[in-house]
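Engineer: What follows is the file work-v7.cif, containing mmCIF, C-alpha atoms and all ligand atoms:
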```cif
data_run
loop_
_atom_site.group_PDB
_atom_site.id
_atom_site.type_symbol
_atom_site.label_atom_id
_atom_site.label_comp_id
_atom_site.auth_asym_id
_atom_site.auth_seq_id
_atom_site.Cartn_x
_atom_site.Cartn_y
_atom_site.Cartn_z
ATOM 1 C CA MET G 1 99.213 95.918 101.439
ATOM 2 C CA ALA G 2 102.429 96.755 99.673
ATOM 3 C CA LEU G 3 105.869 95.320 99.187
ATOM 4 C CA ILE G 4 108.826 97.387 100.176
ATOM 5 C CA SER G 5 111.797 97.490 97.878
ATOM 6 C CA LYS G 6 114.801 99.724 97.515
ATOM 7 C CA GLY G 7 114.836 102.870 95.367
ATOM 8 C CA ARG G 8 112.916 105.616 97.086
ATOM 9 C CA ILE G 9 111.406 108.274 94.902
ATOM 10 C CA LYS G 10 113.962 110.958 94.049
ATOM 11 C CA GLY G 11 113.597 114.364 95.623
ATOM 12 C CA LEU G 12 111.222 113.231 98.369
ATOM 13 C CA ASP G 13 112.242 112.901 101.970
ATOM 14 C CA LEU G 14 109.632 110.991 103.932
ATOM 15 C CA LYS G 15 110.957 112.011 107.314
ATOM 16 C CA LYS G 16 111.006 115.674 106.330
ATOM 17 C CA GLU G 17 107.665 115.730 104.536
ATOM 18 C CA PHE G 18 105.655 113.712 107.019
ATOM 19 C CA ARG G 19 107.789 114.231 110.138
ATOM 20 C CA ILE G 20 107.710 110.460 110.440
ATOM 21 C CA ARG G 21 110.094 110.472 113.387
ATOM 22 C CA SER G 22 107.231 111.680 115.509
ATOM 23 C CA MET G 23 105.256 108.467 114.876
ATOM 24 C CA LYS G 24 105.088 106.226 117.925
ATOM 25 C CA PRO G 25 105.357 102.453 117.477
ATOM 26 C CA TYR G 26 102.141 100.795 118.580
ATOM 27 C CA SER G 27 101.036 97.194 118.716
ATOM 28 C CA SER G 28 97.450 96.099 118.380
ATOM 29 C CA PHE G 29 96.235 93.953 115.517
ATOM 30 C CA ALA G 30 93.047 93.302 113.669
ATOM 31 C CA SER G 31 93.758 91.266 110.543
ATOM 32 C CA PRO G 32 95.511 87.913 110.749
ATOM 33 C CA LEU G 33 97.763 88.918 107.887
ATOM 34 C CA ALA G 34 99.148 91.893 109.769
ATOM 35 C CA GLU G 35 99.206 89.798 112.947
ATOM 36 C CA SER G 36 101.330 87.189 111.268
ATOM 37 C CA LEU G 37 104.079 89.641 110.280
ATOM 38 C CA ALA G 38 107.431 89.206 111.984
ATOM 39 C CA ASP G 39 109.335 92.178 113.434
ATOM 40 C CA LYS G 40 106.222 94.354 113.367
ATOM 41 C CA GLU G 41 106.082 98.049 113.961
ATOM 42 C CA CYS G 42 102.663 99.702 114.034
ATOM 43 C CA PHE G 43 101.770 103.353 113.662
ATOM 44 C CA PRO G 44 98.223 104.478 114.411
ATOM 45 C CA TYR G 45 96.975 106.898 111.793
ATOM 46 C CA ASP G 46 96.354 109.607 114.352
ATOM 47 C CA SER G 47 100.076 109.584 115.192
ATOM 48 C CA VAL G 48 101.014 110.480 111.604
ATOM 49 C CA PRO G 49 100.797 114.233 110.902
ATOM 50 C CA ASN G 50 98.132 115.110 108.313
ATOM 51 C CA PHE G 51 97.044 111.474 107.933
ATOM 52 C CA PRO G 52 93.297 110.843 107.773
ATOM 53 C CA VAL G 53 91.701 108.684 110.480
ATOM 54 C CA SER G 54 89.583 105.628 109.632
ATOM 55 C CA THR G 55 85.951 105.973 110.724
ATOM 56 C CA VAL G 56 84.473 102.689 109.401
ATOM 57 C CA PRO G 57 83.385 99.983 111.861
ATOM 58 C CA GLY G 58 85.641 96.988 111.270
ATOM 59 C CA HIS G 59 88.420 99.087 109.742
ATOM 60 C CA ARG G 60 91.330 99.467 112.206
ATOM 61 C CA GLY G 61 93.438 102.570 111.716
ATOM 62 C CA GLN G 62 97.127 101.876 111.615
ATOM 63 C CA LEU G 63 100.086 101.275 109.357
ATOM 64 C CA VAL G 64 101.884 98.004 110.048
ATOM 65 C CA PHE G 65 105.426 97.363 108.830
ATOM 66 C CA GLY G 66 106.949 93.897 109.100
ATOM 67 C CA LEU G 67 108.066 90.728 107.361
ATOM 68 C CA LEU G 68 105.582 88.428 105.628
ATOM 69 C CA ASP G 69 107.363 85.085 105.364
ATOM 70 C CA GLY G 70 110.631 87.029 105.256
ATOM 71 C CA VAL G 71 109.497 89.699 102.770
ATOM 72 C CA PRO G 72 109.347 93.313 104.000
ATOM 73 C CA VAL G 73 105.821 94.659 103.632
ATOM 74 C CA MET G 74 103.718 97.583 104.749
ATOM 75 C CA CYS G 75 100.033 96.998 105.518
ATOM 76 C CA MET G 76 97.200 99.437 106.003
ATOM 77 C CA GLN G 77 94.810 98.218 108.658
ATOM 78 C CA GLY G 78 91.873 100.310 107.585
ATOM 79 C CA ARG G 79 91.618 102.430 104.485
ATOM 80 C CA PHE G 80 89.860 105.679 103.650
ATOM 81 C CA HIS G 81 86.659 106.005 101.696
ATOM 82 C CA TYR G 82 85.093 108.986 99.976
ATOM 83 C CA TYR G 83 81.875 108.522 101.979
ATOM 84 C CA GLU G 84 83.803 109.223 105.189
ATOM 85 C CA GLY G 85 83.981 112.828 104.038
ATOM 86 C CA TYR G 86 87.617 113.087 102.969
ATOM 87 C CA PRO G 87 88.599 114.542 99.601
ATOM 88 C CA ILE G 88 89.437 111.680 97.244
ATOM 89 C CA CYS G 89 93.113 112.684 97.048
ATOM 90 C CA LYS G 90 93.336 112.319 100.831
ATOM 91 C CA CYS G 91 91.723 108.857 100.604
ATOM 92 C CA ALA G 92 94.575 107.874 98.273
ATOM 93 C CA MET G 93 97.345 109.663 100.170
ATOM 94 C CA PRO G 94 98.646 106.482 101.889
ATOM 95 C CA ILE G 95 99.649 105.170 98.459
ATOM 96 C CA ARG G 96 101.961 108.156 98.043
ATOM 97 C CA VAL G 97 103.415 107.463 101.481
ATOM 98 C CA MET G 98 104.057 103.891 100.305
ATOM 99 C CA LYS G 99 105.809 105.184 97.201
ATOM 100 C CA MET G 100 107.914 107.462 99.339
ATOM 101 C CA VAL G 101 109.104 104.644 101.583
ATOM 102 C CA GLY G 102 110.287 102.738 98.516
ATOM 103 C CA ILE G 103 107.356 100.506 97.653
ATOM 104 C CA ASN G 104 106.953 99.387 94.061
ATOM 105 C CA TYR G 105 104.250 96.719 94.315
ATOM 106 C CA LEU G 106 100.747 97.349 95.590
ATOM 107 C CA ILE G 107 98.358 94.532 96.507
ATOM 108 C CA ALA G 108 94.935 96.092 97.014
ATOM 109 C CA THR G 109 92.036 94.111 98.433
ATOM 110 C CA ASN G 110 88.425 94.969 99.070
ATOM 111 C CA ALA G 111 85.012 93.650 99.980
ATOM 112 C CA ALA G 112 82.543 93.851 97.103
ATOM 113 C CA GLY G 113 79.042 92.873 96.140
ATOM 114 C CA GLY G 114 78.859 90.244 93.403
ATOM 115 C CA LEU G 115 76.858 91.512 90.422
ATOM 116 C CA ASN G 116 77.915 88.775 88.008
ATOM 117 C CA GLU G 117 75.317 86.047 88.461
ATOM 118 C CA LYS G 118 77.947 83.318 88.368
ATOM 119 C CA TYR G 119 79.690 84.663 91.453
ATOM 120 C CA LYS G 120 79.123 83.128 94.874
ATOM 121 C CA VAL G 121 79.662 84.644 98.293
ATOM 122 C CA GLY G 122 83.269 83.830 99.285
ATOM 123 C CA ASP G 123 84.612 83.991 95.720
ATOM 124 C CA ILE G 124 87.816 85.896 95.071
ATOM 125 C CA MET G 125 87.573 88.147 92.019
ATOM 126 C CA ILE G 126 90.939 89.091 90.564
ATOM 127 C CA ILE G 127 90.427 92.614 89.240
ATOM 128 C CA LYS G 128 91.311 92.921 85.569
ATOM 129 C CA ASP G 129 89.954 96.444 85.108
ATOM 130 C CA HIS G 130 87.730 99.013 86.778
ATOM 131 C CA VAL G 131 85.016 101.526 86.001
ATOM 132 C CA ASN G 132 85.714 104.627 88.048
ATOM 133 C CA PHE G 133 82.248 106.083 88.426
ATOM 134 C CA LEU G 134 83.537 108.784 90.749
ATOM 135 C CA GLY G 135 85.874 109.860 87.964
ATOM 136 C CA PHE G 136 82.909 110.222 85.584
ATOM 137 C CA ALA G 137 81.855 113.103 87.806
ATOM 138 C CA GLY G 138 85.364 114.548 88.025
ATOM 139 C CA VAL G 139 86.175 113.009 91.419
ATOM 140 C CA ASN G 140 89.668 111.809 90.533
ATOM 141 C CA PRO G 141 92.521 111.624 93.092
ATOM 142 C CA LEU G 142 94.854 113.295 90.571
ATOM 143 C CA ARG G 143 92.637 116.369 90.196
ATOM 144 C CA GLY G 144 94.472 119.594 91.007
ATOM 145 C CA PRO G 145 98.087 120.583 90.444
ATOM 146 C CA ASN G 146 100.172 117.614 89.293
ATOM 147 C CA ASP G 147 103.163 116.680 91.443
ATOM 148 C CA GLU G 148 105.700 115.746 88.740
ATOM 149 C CA ARG G 149 107.869 113.971 91.327
ATOM 150 C CA PHE G 150 105.269 111.175 91.361
ATOM 151 C CA GLY G 151 104.197 111.000 87.735
ATOM 152 C CA PRO G 152 102.863 112.744 84.624
ATOM 153 C CA ARG G 153 99.857 115.045 84.295
ATOM 154 C CA PHE G 154 97.946 112.625 82.058
ATOM 155 C CA PRO G 155 98.779 109.042 83.049
ATOM 156 C CA ALA G 156 97.439 106.046 81.135
ATOM 157 C CA VAL G 157 95.541 103.557 83.298
ATOM 158 C CA SER G 158 94.476 101.148 80.587
ATOM 159 C CA ARG G 159 96.811 98.450 81.936
ATOM 160 C CA ALA G 160 96.562 99.334 85.586
ATOM 161 C CA TYR G 161 96.206 95.723 86.768
ATOM 162 C CA ASP G 162 99.355 93.786 85.930
ATOM 163 C CA ALA G 163 98.552 90.935 83.527
ATOM 164 C CA LYS G 164 101.441 88.700 84.656
ATOM 165 C CA LEU G 165 100.469 88.961 88.295
ATOM 166 C CA ARG G 166 96.850 88.216 87.403
ATOM 167 C CA ALA G 167 97.900 85.052 85.589
ATOM 168 C CA ALA G 168 100.198 84.056 88.453
ATOM 169 C CA ALA G 169 97.413 84.591 90.993
ATOM 170 C CA MET G 170 95.100 82.386 88.965
ATOM 171 C CA ARG G 171 97.753 79.629 88.985
ATOM 172 C CA ILE G 172 98.364 80.077 92.699
ATOM 173 C CA GLY G 173 94.642 79.780 93.406
ATOM 174 C CA LYS G 174 94.539 76.468 91.524
ATOM 175 C CA GLU G 175 97.640 75.177 93.335
ATOM 176 C CA MET G 176 95.968 76.039 96.644
ATOM 177 C CA GLY G 177 92.921 74.007 95.655
ATOM 178 C CA ILE G 178 90.661 77.082 95.570
ATOM 179 C CA GLY G 179 90.485 77.406 91.780
ATOM 180 C CA HIS G 180 86.687 77.036 91.924
ATOM 181 C CA GLN G 181 86.557 80.191 94.092
ATOM 182 C CA ILE G 182 88.697 82.344 91.798
ATOM 183 C CA GLN G 183 87.100 84.657 89.245
ATOM 184 C CA GLU G 184 88.453 87.480 87.130
ATOM 185 C CA GLY G 185 86.365 90.552 86.428
ATOM 186 C CA VAL G 186 85.665 94.257 86.374
ATOM 187 C CA TYR G 187 85.268 96.187 89.622
ATOM 188 C CA THR G 188 83.570 99.486 90.159
ATOM 189 C CA CYS G 189 83.809 101.967 93.000
ATOM 190 C CA LEU G 190 80.730 103.970 93.924
ATOM 191 C CA GLY G 191 80.728 106.820 96.394
ATOM 192 C CA GLY G 192 78.650 105.001 99.023
ATOM 193 C CA PRO G 193 77.761 104.764 101.843
ATOM 194 C CA SER G 194 74.340 103.713 100.583
ATOM 195 C CA PHE G 195 74.284 100.403 98.775
ATOM 196 C CA GLU G 196 72.953 100.301 95.208
ATOM 197 C CA THR G 197 69.400 100.467 93.983
ATOM 198 C CA VAL G 198 68.011 97.736 91.755
ATOM 199 C CA ALA G 199 67.945 100.160 88.820
ATOM 200 C CA GLU G 200 71.571 101.208 89.358
ATOM 201 C CA LEU G 201 72.646 97.581 89.396
ATOM 202 C CA ALA G 202 70.723 96.897 86.183
ATOM 203 C CA ALA G 203 72.599 99.782 84.525
ATOM 204 C CA MET G 204 75.961 98.545 85.803
ATOM 205 C CA LYS G 205 75.309 95.067 84.476
ATOM 206 C CA ILE G 206 74.891 96.498 80.976
ATOM 207 C CA LEU G 207 78.273 98.205 81.381
ATOM 208 C CA GLY G 208 79.978 94.864 82.037
ATOM 209 C CA ILE G 209 80.644 95.363 85.724
ATOM 210 C CA ASP G 210 81.100 92.179 87.770
ATOM 211 C CA ALA G 211 81.558 93.468 91.326
ATOM 212 C CA VAL G 212 80.573 96.643 93.131
ATOM 213 C CA GLY G 213 82.426 98.335 95.977
ATOM 214 C CA MET G 214 83.364 101.655 97.551
ATOM 215 C CA SER G 215 87.162 101.791 97.363
ATOM 216 C CA THR G 216 90.328 100.715 95.526
ATOM 217 C CA THR G 217 89.981 102.577 92.181
ATOM 218 C CA TYR G 218 91.367 105.859 93.560
ATOM 219 C CA GLU G 219 94.253 104.008 95.246
ATOM 220 C CA VAL G 220 95.057 102.144 92.035
ATOM 221 C CA ILE G 221 94.980 105.358 89.957
ATOM 222 C CA VAL G 222 97.488 106.982 92.320
ATOM 223 C CA ALA G 223 99.681 103.854 92.383
ATOM 224 C CA CYS G 224 99.593 103.643 88.584
ATOM 225 C CA HIS G 225 100.425 107.341 88.260
ATOM 226 C CA SER G 226 103.612 106.823 90.267
ATOM 227 C CA GLY G 227 104.646 103.722 88.322
ATOM 228 C CA MET G 228 103.784 101.065 90.912
ATOM 229 C CA THR G 229 102.878 97.554 89.771
ATOM 230 C CA VAL G 230 99.379 96.727 90.965
ATOM 231 C CA PHE G 231 97.582 93.515 91.799
ATOM 232 C CA ALA G 232 94.075 93.740 93.276
ATOM 233 C CA PHE G 233 91.242 91.451 94.171
ATOM 234 C CA SER G 234 87.759 91.602 95.670
ATOM 235 C CA LEU G 235 86.312 89.190 98.158
ATOM 236 C CA ILE G 236 82.683 88.757 97.105
ATOM 237 C CA THR G 237 81.085 89.308 100.499
ATOM 238 C CA ASN G 238 77.464 89.424 99.346
ATOM 239 C CA LYS G 239 75.365 89.042 96.264
ATOM 240 C CA CYS G 240 73.980 92.279 94.871
ATOM 241 C CA VAL G 241 70.228 92.563 95.308
ATOM 242 C CA THR G 242 69.030 92.889 91.726
ATOM 243 C CA THR G 243 65.270 92.407 92.110
ATOM 244 C CA TYR G 244 62.622 94.102 94.220
ATOM 245 C CA ASP G 245 61.272 90.927 95.786
ATOM 246 C CA GLU G 246 64.400 89.617 97.567
ATOM 247 C CA GLU G 247 63.965 89.344 101.314
ATOM 248 C CA VAL G 248 67.573 90.051 102.272
ATOM 249 C CA MET G 249 68.916 93.576 101.933
ATOM 250 C CA PRO G 250 72.628 94.379 101.525
ATOM 251 C CA ASN G 251 74.208 95.053 104.914
ATOM 252 C CA HIS G 252 77.607 95.773 106.392
ATOM 253 C CA GLU G 253 77.299 92.929 108.950
ATOM 254 C CA GLU G 254 77.245 90.368 106.143
ATOM 255 C CA VAL G 255 80.294 92.034 104.615
ATOM 256 C CA ILE G 256 82.221 91.798 107.899
ATOM 257 C CA GLN G 257 81.062 88.215 108.528
ATOM 258 C CA THR G 258 82.109 86.939 105.066
ATOM 259 C CA GLY G 259 85.443 88.696 105.526
ATOM 260 C CA LYS G 260 86.015 86.896 108.832
ATOM 261 C CA GLU G 261 85.049 83.514 107.396
ATOM 262 C CA ASN G 262 87.620 83.878 104.616
ATOM 263 C CA GLU G 263 90.477 85.469 106.556
ATOM 264 C CA GLU G 264 92.752 82.442 106.602
ATOM 265 C CA VAL G 265 92.444 81.576 102.928
ATOM 266 C CA LEU G 266 92.964 85.201 101.911
ATOM 267 C CA LYS G 267 96.024 85.433 104.101
ATOM 268 C CA ALA G 268 97.527 82.335 102.475
ATOM 269 C CA PHE G 269 96.624 83.610 98.990
ATOM 270 C CA VAL G 270 98.271 86.999 99.561
ATOM 271 C CA SER G 271 101.302 85.414 101.163
ATOM 272 C CA ARG G 272 101.866 83.176 98.141
ATOM 273 C CA ILE G 273 101.464 86.077 95.737
ATOM 274 C CA VAL G 274 104.046 88.031 97.727
ATOM 275 C CA GLN G 275 106.437 85.067 97.526
ATOM 276 C CA HIS G 276 105.832 84.874 93.790
ATOM 277 C CA ILE G 277 106.640 88.582 93.370
ATOM 278 C CA THR G 278 109.892 88.346 95.326
ATOM 279 C CA GLN G 279 110.993 85.285 93.389
ATOM 280 C CA ASN G 280 110.201 86.880 90.021
ATOM 281 C CA SER G 281 111.309 90.492 90.380
HETATM 282 O O1 LIG Q 301 87.181 99.074 102.114
HETATM 283 P P1 LIG Q 301 86.325 98.105 101.375
HETATM 284 O O2 LIG Q 301 86.028 98.580 99.982
HETATM 285 O O3 LIG Q 301 86.884 96.707 101.380
HETATM 286 O O4 LIG Q 301 84.951 98.044 102.205
HETATM 287 C C1 LIG Q 301 83.651 97.855 101.665
HETATM 288 C C2 LIG Q 301 83.055 99.163 101.218
HETATM 289 C C3 LIG Q 301 82.479 99.718 102.510
HETATM 290 O O5 LIG Q 301 83.451 100.347 103.269
HETATM 291 C C4 LIG Q 301 82.033 98.510 103.231
HETATM 292 C C5 LIG Q 301 80.588 98.219 102.965
HETATM 293 O O6 LIG Q 301 80.146 97.166 103.770
HETATM 294 O O7 LIG Q 301 82.817 97.418 102.714
HETATM 295 N N1 LIG Q 302 78.882 99.420 96.852
HETATM 296 C C1 LIG Q 302 78.979 98.236 97.465
HETATM 297 N N2 LIG Q 302 80.024 98.031 98.260
HETATM 298 C C2 LIG Q 302 80.100 96.830 98.863
HETATM 299 N N3 LIG Q 302 81.034 96.363 99.695
HETATM 300 C C3 LIG Q 302 80.678 95.104 100.028
HETATM 301 N N4 LIG Q 302 79.528 94.762 99.440
HETATM 302 C C4 LIG Q 302 79.140 95.831 98.697
HETATM 303 C C5 LIG Q 302 78.028 96.080 97.834
HETATM 304 O O1 LIG Q 302 77.132 95.247 97.624
HETATM 305 N N5 LIG Q 302 78.017 97.303 97.251
#
```
Now, as a test, write the supplied structure out as structure tokens.

Structural biologist:
Amino acid sequence: MALISKGRIKGLDLKKEFRIRSMKPYSSFASPLAESLADKECFPYDSVPNFPVSTVPGHRGQLVFGLLDGVPVMCMQGRFHYYEGYPICKCAMPIRVMKMVGINYLIATNAAGGLNEKYKVGDIMIIKDHVNFLGFAGVNPLRGPNDERFGPRFPAVSRAYDAKLRAAAMRIGKEMGIGHQIQEGVYTCLGGPSFETVAELAAMKILGIDAVGMSTTYEVIVACHSGMTVFAFSLITNKCVTTYDEEVMPNHEEVIQTGKENEEVLKAFVSRIVQHITQNS
């Protein structure tokens, strides 16, 4: 989800580049956050020229514009993952569309497996940093010719996750009475779609990784490249299976179920962070 503000990127014309006029408003909602927006307009991904289409069960495919408690926002209902077969730059393309419509704040959320032993299912992990494993192998969304209109060839991402917003989110969590559910840690994105082996998880633990997922890092890199302020968190939907004798195996159903159980609290959390941003920017 992203907050819309004035000041579109210079030299880019969204209507011209994406022929956005041809998008048809559409209304059908999956997440309660998008449902709760006022003055909604929805655009299914397949109505946007050159936009990828979401193929993941449980991931609806549309852009939703509207007001969240009076603040103009743009939501993605369904994101794109490398395992769906798209090039990584295409997975991150919606972030550039956000930049082009004048968005300066990105709030990225994901479902992740909890590797840190202290984490419980249902915890919210504020992301303080990431390990971009895909990038280790050269799979970076900025690979290829650099578009200077968005940002520099070699962007720094060492402070990708805004420290002030992280502190504010921690405070907000406490005010909401969910302080015991809030963690702060390091996220990693793997290519998926297979979940991790026990040996892979053991290696990641040594690297200081707290939660494991299949998204977000490529979106954050692209947002950071174009100067957006980023806040991101993971919902810990399952505990990583770190020994060979556990009966339960990681599964997508558990991920979906934990997401559903926490929808309302996440919606309230995001809404309060959005209010905080508008009052402090
Ligand atoms: O899009 P996110 O990262 O929230 O979704 C995670 C990663 C996979 O798509 C799926 C695995 O269950 O959940
Ligand atoms: N890679 C990965 N992605 C997830 N998304 C939700 N849970 C998990 C998990 O355990 N591993």

Engineer: To verify the selection step, state as an MDAnalysis selection string which residues the PyMOL selection byres (((chain G and resi 234) around 10) and not hetatm) yields on this input.

Structural biologist: chainID G and resid 108:114 122:127 183:187 211:213 216 232:233 235:237

Engineer: Could you report the residues within 10 Å of ligand LIG 302 (chain Q), using all atoms listed in the file, as a ChimeraX atom specification?

Structural biologist: /G:110-115,188-197,201,211-215,234-241,249-256,258-259

Engineer: Take the PyMOL selection byres (((chain G and resi 218) around 10) and not hetatm), run it mentally on this structure, and tell me the resulting residues as number ranges by chain.

Structural biologist: G: 81-82, 88-93, 95, 132, 134-135, 139-142, 189, 214-217, 219-224

Engineer: Could you check the closest approach to ligand LIG 301 (chain Q) for each of G:Gln257, G:Lys99, G:Ser36, G:Met204 and tell me which residue wins, using only C-alpha atoms and all ligand atoms?

Structural biologist: G:Gln257

Engineer: My list of candidates is G:Ala203, G:Leu165, G:Leu37, G:Leu106. Which is closest to Phe65 in chain G when distances are computed with all atoms listed in the file?

Structural biologist: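 Ranking G:Ala203, G:Leu165, G:Leu37, G:Leu106 by distance to Phe65 in chain G, first place goes to G:Leu37.
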
Engineer: For a quick check of understanding, using all atoms listed in the file, which of G:Val64, G:Asn280, G:Glu247, G:Val230 has the smallest distance to Phe43 in chain G?

Structural biologist: G:Val64

Engineer: G:Phe51, G:Tyr83, G:Tyr45, G:Tyr244: which is nearest ligand LIG 301 (chain Q), counting only C-alpha atoms and all ligand atoms?

Structural biologist: G:Tyr83
